[in-house]
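Engineer: Below are the structure tokens for one structure; questions will follow.
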Amino acid sequence: MGVQSASVDRQRPRRRTDRVAATGAILALAGCVALPLYALRANRIVNGTPLSLGAGGPAAWMLLALAIAAATASFSLAGKLRARVELACAVGMMGALLWALGFAAAHLAPDVTSPARVSIGAGAWVAVAGAAVVWFAAVHARPGRAWRVGALVALVVVVVAAAMWGGLGRLSIVLEYAVQGAAFWSAVWTHIALAGTSLGFAVAIGVPLGVASSRIPWVRTAVLSIVGVMQTVPSLALLGLLVVPLAALGLPGIGPLPAIIALTVYALLPIVRNTYVGLTQVDPSVVDAGRGMGMSRWQLLTRVEAPLAMPLLLEGVRAAAVMIIGIAAVVAFIGNGTLGVLVILGWGGQVDDLTLLGAVPMVLIAVAADVGLRAAGRLVTSPGIRMEVS
Amino acid sequence: MIRLEEVTKRYGETLAVDRLSLEVGEGEVCVLIGPSGCGKTTTLRMINRLIEPTSGRIMVGDRDITSVTPEELRRGLGYAIQSVGLFPHLTVAENIVTVPKLLGWEASRMQARVGELLSLVGLDATSYRGKYPRELSGGEAQRVGVARALAADPPVLLMDEPFGAVDPLNRERLQGEFARIQKELHKTVVFVTHDVDEAIRLADRIALMRDGRLQQYDTPENLLDHPASKFVHDFMGADRALKRLGRVRVDAVMRSEVPRISDGSDAVAAAQRAACTAERFSYLVDQDGRLEGWIDCRLLDRGGSAESAITHVDWRATTVRPDTSLKEALSHMLELGFRSIAVTDETGRLLGDVALAGIETTLTEGDAYSAGGPAEGGAQ
């Protein structure tokens, strides 16, 4: 994704197969046909027996049809029309999958009192991944702003509708959620709070370090090498290593403090490095002109260098955010109630649905952070230096 | 206005500038020129303290430049550089008001100033105001760079090869516009270039430097005619006669009383009328005075048809402007094989013409001047 592939797309002759979308569509197709979309289990813990595609009712057949349609479009259509058809297919596939899951759950395990339940099968994950690939490919082919936004809105509508009327309430992961309830939300908030706090600290520390690195050579050498080395320490090892210095200071080796320290350390590298690179890649003639016209160092930094470095800086923050949302799962090992706890408990008790209940929201939080920070980046970047990304 | 007194800049063992003394009068254009590494850019950058001299003193106006902070000093000195250095994240208008903003001007005054400056440098204010630098061509960016340097109306302008990065055609045009603007504004300008033709065309005085030392500081004419050393002589080049033409504008030798005939939409009738005039060629113009071509009366006299005597031309390709240099005009004439060339304004209206003979006279005058000068190192 990003700048490179966009420019490559532009160089290609128009009427070529959209290979990315084709791959996604075929992936989704494979998810439907070759792997089970859903499985029936006798109770919470035992392995499920795969169900056939038809168990999802009409929505399942629609999913199949849409996957075929997306594949056909990626081969036979071109330009904006293709992008729009693909986008519509991608949204449709996700919606159809949800309804198929709900249908299967409501029809095969309708009894609230019985321990039997329908869970999400491997095919469903593959199908979602395939639909997402089609989506990204379509967005990169420039379907137009209205279509991009419209697709997101449509997806939200379909998800909400499926949740309300589609029988999703009988799906095993939702049943699991009903059991966990308060614990789940507390995990979500702890996860976001830990990652958010750490990101804040990392920005507060990393940006000044990046600025200093861009001005003073010895600071650059020291800072970039130290931060780089810390990045290479495995996260679990870092948590272990922190115990000693914290104990020396009389501080606890478990709980939120070491977690925040560790997450901040990991978030530092991308932020420091991107701040440094962003500032040093500013055209020297621009700096010379600014100085020659009588800007002070501070004015030069705030009015010229910082705005020009901003896109790269925010890219660093985005990368750091996505990374530490992942690492925040690991700090569950030192007594933090993040989503990682659900995953660990699920593993321990062999309750796959509980693991998923931790993992899926984690992915969603990471994606939301990614999308949100990208949008924020576009907002604060001057149109004069905005990169041509779809 | 600007005075350098025994200014020296030393980097370790090397002397970038060696005891340089120079005075630039108010409203004068002083061009610093010399081979690369001669210290010309260093000298310029010492004037606005982007580089601090090792020793010596620099005065701007009547004050020592070290008596104020570098920032305050620089806000009073316009600064334009070869790579332009427009701020890519700001619009043309925002770029131009950089210094006024630092000085705390009011928004309305800055708005008005942007309009003034854009039209001064020949750009349409309404369409260029909101553009971003990446939407500008090289020549347009240079113009905005000059407008930005002029924004706060500084008495002094420091320019470091401001037209160095544009193509020759655009450079020629920018030089012409610079000369026009300078005539209007009378700034004190220190201008660095490595292009001898540019120096000769724009300078009131040229400071030729080599290895950090001033070789000669004089008018372009004197540098051409009375070089102080073999180095100066060689640096100015062998084609001095031609270079001298670079200093003279077309309108200085232009003949404005030229036979012209308005065709009144009937070119043939016009040709017949032309037969009565004494000159061989008559210019053919339309009702607005725009050049359409010319009539060769000798062909008419020999009994040629009226049509055959008429040459239709596109004025854009075959004429020069009044502010074109004679050197360029001569080059056009040689290229086109003409013995004279028509002069028109920007809209093609005929103003007069320049003949080879007129250019020759200019050259001879120059030669006469140089013959009275000292020996020139036996170069010719």
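Labels for the structure tokens follow display order: chains A, B, ..., residues from 1 in each chain, ligands from 1.
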Skip Ala228 of chain B itself and residues of its chain fewer than 5 positions away, then list as a PyMOL selection string all residues within 8 Å of it, counting only C-alpha atoms.

Structural biologist: chain B and resi 215-216+223+233

Engineer: Within 12 Å of chain B, which residues of chain A show up when using only C-alpha atoms, listed as number ranges by chain?

Structural biologist: A: 282-300, 303-311, 380-387

Engineer: For the selection you just gave me, I'd like the residues written to a file as a PDB file, in the first residue's frame, keeping C-alpha atoms.

Structural biologist:
ATOM      1  CA  VAL A 282      14.057  19.460   4.805  1.00  0.00           C
ATOM      2  CA  ASP A 283      15.663  21.070   1.757  1.00  0.00           C
ATOM      3  CA  PRO A 284      18.743  23.004   3.019  1.00  0.00           C
ATOM      4  CA  SER A 285      17.951  25.871   0.666  1.00  0.00           C
ATOM      5  CA  VAL A 286      14.592  26.316   2.400  1.00  0.00           C
ATOM      6  CA  VAL A 287      16.367  26.559   5.736  1.00  0.00           C
ATOM      7  CA  ASP A 288      18.940  28.937   4.273  1.00  0.00           C
ATOM      8  CA  ALA A 289      16.205  31.151   2.862  1.00  0.00           C
ATOM      9  CA  GLY A 290      14.421  31.207   6.220  1.00  0.00           C
ATOM     10  CA  ARG A 291      17.563  32.105   8.120  1.00  0.00           C
ATOM     11  CA  GLY A 292      18.565  34.669   5.515  1.00  0.00           C
ATOM     12  CA  MET A 293      15.232  36.403   5.909  1.00  0.00           C
ATOM     13  CA  GLY A 294      15.715  36.790   9.620  1.00  0.00           C
ATOM     14  CA  MET A 295      13.883  33.879  11.262  1.00  0.00           C
ATOM     15  CA  SER A 296      15.182  32.935  14.674  1.00  0.00           C
ATOM     16  CA  ARG A 297      16.039  29.299  15.317  1.00  0.00           C
ATOM     17  CA  TRP A 298      12.732  28.813  17.088  1.00  0.00           C
ATOM     18  CA  GLN A 299      10.724  30.472  14.312  1.00  0.00           C
ATOM     19  CA  LEU A 300      12.535  28.403  11.736  1.00  0.00           C
ATOM     20  CA  ARG A 303       7.122  27.750  11.099  1.00  0.00           C
ATOM     21  CA  VAL A 304       9.195  25.925   8.528  1.00  0.00           C
ATOM     22  CA  GLU A 305      10.921  22.766   9.674  1.00  0.00           C
ATOM     23  CA  ALA A 306       8.189  21.310  11.878  1.00  0.00           C
ATOM     24  CA  PRO A 307       5.389  21.648   9.306  1.00  0.00           C
ATOM     25  CA  LEU A 308       7.643  20.101   6.682  1.00  0.00           C
ATOM     26  CA  ALA A 309       8.664  17.242   8.975  1.00  0.00           C
ATOM     27  CA  MET A 310       5.095  16.669  10.200  1.00  0.00           C
ATOM     28  CA  PRO A 311       3.987  14.003   7.694  1.00  0.00           C
ATOM     29  CA  VAL A 380      -2.335  18.725   9.616  1.00  0.00           C
ATOM     30  CA  THR A 381      -0.359  18.357   6.392  1.00  0.00           C
ATOM     31  CA  SER A 382      -0.311  21.359   4.081  1.00  0.00           C
ATOM     32  CA  PRO A 383      -1.749  20.675   0.609  1.00  0.00           C
ATOM     33  CA  GLY A 384       1.550  22.008  -0.706  1.00  0.00           C
ATOM     34  CA  ILE A 385       3.448  18.963   0.540  1.00  0.00           C
ATOM     35  CA  ARG A 386       0.709  16.352   0.651  1.00  0.00           C
ATOM     36  CA  MET A 387       1.827  13.133  -0.943  1.00  0.00           C
TER      37      MET A 387
END

Engineer: When DSSP is applied to the backbone of this structure, which of segment 234-339 of chain B are assigned alpha helix (DSSP H)? Write them out as a PyMOL selection string.

Structural biologist: chain B and resi 234-236+240-245+250-253+267-274+297-301+306-309+315-318+326-336

Engineer: List the spatial neighbours of Leu314 of chain A as JSON, numbers by chain - criterion: any atom at most 9 Å away, only C-alpha atoms, same-chain residues fewer than 2 positions off excluded.

Structural biologist: {"A": [271, 274, 275, 309, 310, 311, 312, 316, 317, 318, 319, 373, 374, 376, 377]}

Engineer: Mind dumping the selected residues with N, CA and C atoms as a PDB file, in the first residue's frame?

Structural biologist:
ATOM      1  N   ILE A 271       9.347   7.097  16.617  1.00  0.00           N
ATOM      2  CA  ILE A 271       9.056   8.529  16.769  1.00  0.00           C
ATOM      3  C   ILE A 271      10.343   9.354  16.682  1.00  0.00           C
ATOM      4  N   ASN A 274      11.775   9.077  13.040  1.00  0.00           N
ATOM      5  CA  ASN A 274      11.030   9.826  12.028  1.00  0.00           C
ATOM      6  C   ASN A 274      11.099  11.331  12.250  1.00  0.00           C
ATOM      7  N   THR A 275      11.147  11.755  13.511  1.00  0.00           N
ATOM      8  CA  THR A 275      11.324  13.187  13.761  1.00  0.00           C
ATOM      9  C   THR A 275      12.672  13.640  13.212  1.00  0.00           C
ATOM     10  N   ALA A 309       8.330  18.563   8.441  1.00  0.00           N
ATOM     11  CA  ALA A 309       8.664  17.242   8.975  1.00  0.00           C
ATOM     12  C   ALA A 309       7.422  16.499   9.453  1.00  0.00           C
ATOM     13  N   MET A 310       6.302  17.226   9.582  1.00  0.00           N
ATOM     14  CA  MET A 310       5.095  16.669  10.200  1.00  0.00           C
ATOM     15  C   MET A 310       4.591  15.365   9.571  1.00  0.00           C
ATOM     16  N   PRO A 311       4.511  15.260   8.248  1.00  0.00           N
ATOM     17  CA  PRO A 311       3.987  14.003   7.694  1.00  0.00           C
ATOM     18  C   PRO A 311       4.808  12.789   8.141  1.00  0.00           C
ATOM     19  N   LEU A 312       6.130  12.925   8.120  1.00  0.00           N
ATOM     20  CA  LEU A 312       6.975  11.807   8.532  1.00  0.00           C
ATOM     21  C   LEU A 312       6.856  11.549  10.028  1.00  0.00           C
ATOM     22  N   GLY A 316       5.613   8.143  11.991  1.00  0.00           N
ATOM     23  CA  GLY A 316       6.306   7.467  13.089  1.00  0.00           C
ATOM     24  C   GLY A 316       5.372   7.195  14.263  1.00  0.00           C
ATOM     25  N   VAL A 317       4.547   8.189  14.592  1.00  0.00           N
ATOM     26  CA  VAL A 317       3.606   8.029  15.696  1.00  0.00           C
ATOM     27  C   VAL A 317       2.618   6.901  15.374  1.00  0.00           C
ATOM     28  N   ARG A 318       2.196   6.884  14.117  1.00  0.00           N
ATOM     29  CA  ARG A 318       1.236   5.853  13.699  1.00  0.00           C
ATOM     30  C   ARG A 318       1.858   4.455  13.829  1.00  0.00           C
ATOM     31  N   ALA A 319       3.082   4.331  13.321  1.00  0.00           N
ATOM     32  CA  ALA A 319       3.758   3.037  13.405  1.00  0.00           C
ATOM     33  C   ALA A 319       3.935   2.625  14.864  1.00  0.00           C
ATOM     34  N   LEU A 373      -5.075   7.938  12.863  1.00  0.00           N
ATOM     35  CA  LEU A 373      -3.849   8.741  12.791  1.00  0.00           C
ATOM     36  C   LEU A 373      -3.507   9.127  11.358  1.00  0.00           C
ATOM     37  N   ARG A 374      -3.866   8.264  10.426  1.00  0.00           N
ATOM     38  CA  ARG A 374      -3.673   8.640   9.021  1.00  0.00           C
ATOM     39  C   ARG A 374      -4.521   9.860   8.691  1.00  0.00           C
ATOM     40  N   ALA A 376      -5.695  12.074  10.763  1.00  0.00           N
ATOM     41  CA  ALA A 376      -5.142  13.234  11.468  1.00  0.00           C
ATOM     42  C   ALA A 376      -3.938  13.779  10.703  1.00  0.00           C
ATOM     43  N   GLY A 377      -3.139  12.876  10.174  1.00  0.00           N
ATOM     44  CA  GLY A 377      -1.966  13.278   9.408  1.00  0.00           C
ATOM     45  C   GLY A 377      -2.361  14.101   8.201  1.00  0.00           C
TER      46      GLY A 377
END

Engineer: Please list as a ChimeraX atom specification every residue within 6 Å of segment 198-201 of chain B, counting only C-alpha atoms and excluding residues in the same chain fewer than 4 positions away.

Structural biologist: /B:31,220,246-247

Engineer: So how many Å separate atom CA of Val91 of chain A and atom CA of Pro50 of chain A, to one decimal?

Structural biologist: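 Interatomic distance here is 25.4 Å.
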
Engineer: Can you work out which one of A:Val118, A:Leu249, A:Ala78, A:Ile261 has the shortest atom-to-atom distance to Thr197 of chain A, counting only C-alpha atoms?

Structural biologist: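 Closest to Thr197 of chain A of all the choices is A:Ile261.
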
Engineer: For a test of reading the model, state the distance in Å between atom CA of Ser55 of chain B and atom CA of Arg10 of chain B, rounded to one decimal.

Structural biologist: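 Answer for the atom CA of Ser55 of chain B to atom CA of Arg10 of chain B separation: 8.8 Å.
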
Engineer: Go through B:Leu118, B:Val166, B:Leu4, B:Met254 one by one, measure the shortest atom-to-atom distance of each to Ala147 of chain B using only C-alpha atoms, and give the residue with the smallest value.

Structural biologist: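 Closest residue, counting only C-alpha atoms: B:Leu118.
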
Engineer: Pick out the residues sitting within 10 Å of Thr42 of chain B, and hand them over as a list in words; count only C-alpha atoms, and ignore anything fewer than 5 positions along from it in its own chain.

Structural biologist: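 Non-adjacent residues within range: Lys9, Ala16, Val17, Gly37, Ile47, Arg49, Leu50, Ile51, Glu52, Pro53, Val192 and Gly212 of chain B.
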
Engineer: Tell me, as JSON, numbers by chain, which residues lie within 10 Å of segment 331-348 of chain A, counting only C-alpha atoms; anything in the same chain fewer than 3 positions away does not count.

Structural biologist: {"A": [45, 180, 183, 184, 185, 186, 187, 188, 189, 190, 191, 192, 193, 194, 195, 235, 236, 239, 240, 253, 254, 255, 256, 257, 258, 259, 260, 262, 263, 325, 326, 327, 328, 351, 352, 353, 354, 355, 356, 357, 358, 359, 360, 361, 362]}

Engineer: Write out as a list of chain:residue names the residues lying within 6 Å of segment 123-126 of chain A, counting only C-alpha atoms and excluding same-chain residues fewer than 5 positions away.

Structural biologist: A:Gly31, A:Cys32, A:Leu35, A:Pro36, A:Leu37

Engineer: Next, write the just-selected residues to a file, as a short mmCIF file (atom, residue, chain, number, x, y, z; two decimals), in the first residue's frame, keeping N, CA and C atoms as the atom set.

Structural biologist:
data_model
loop_
_atom_site.label_atom_id
_atom_site.label_comp_id
_atom_site.auth_asym_id
_atom_site.auth_seq_id
_atom_site.Cartn_x
_atom_site.Cartn_y
_atom_site.Cartn_z
N GLY A 31 -11.93 -19.38 0.94
CA GLY A 31 -12.45 -19.42 2.30
C GLY A 31 -13.84 -20.05 2.33
N CYS A 32 -14.65 -19.73 1.33
CA CYS A 32 -16.02 -20.25 1.28
C CYS A 32 -16.04 -21.73 0.93
N LEU A 35 -12.61 -24.24 2.97
CA LEU A 35 -12.54 -24.34 4.43
C LEU A 35 -13.95 -24.14 5.02
N PRO A 36 -14.16 -24.68 6.20
CA PRO A 36 -15.48 -24.47 6.82
C PRO A 36 -15.63 -23.04 7.31
N LEU A 37 -16.78 -22.44 6.99
CA LEU A 37 -17.05 -21.08 7.47
C LEU A 37 -17.44 -21.10 8.94
#

Engineer: Using DSSP on the backbone coordinates, identify the residues of segment 48-158 of chain B assigned to strand (DSSP E); present them as a count of residues only.

Structural biologist: 16
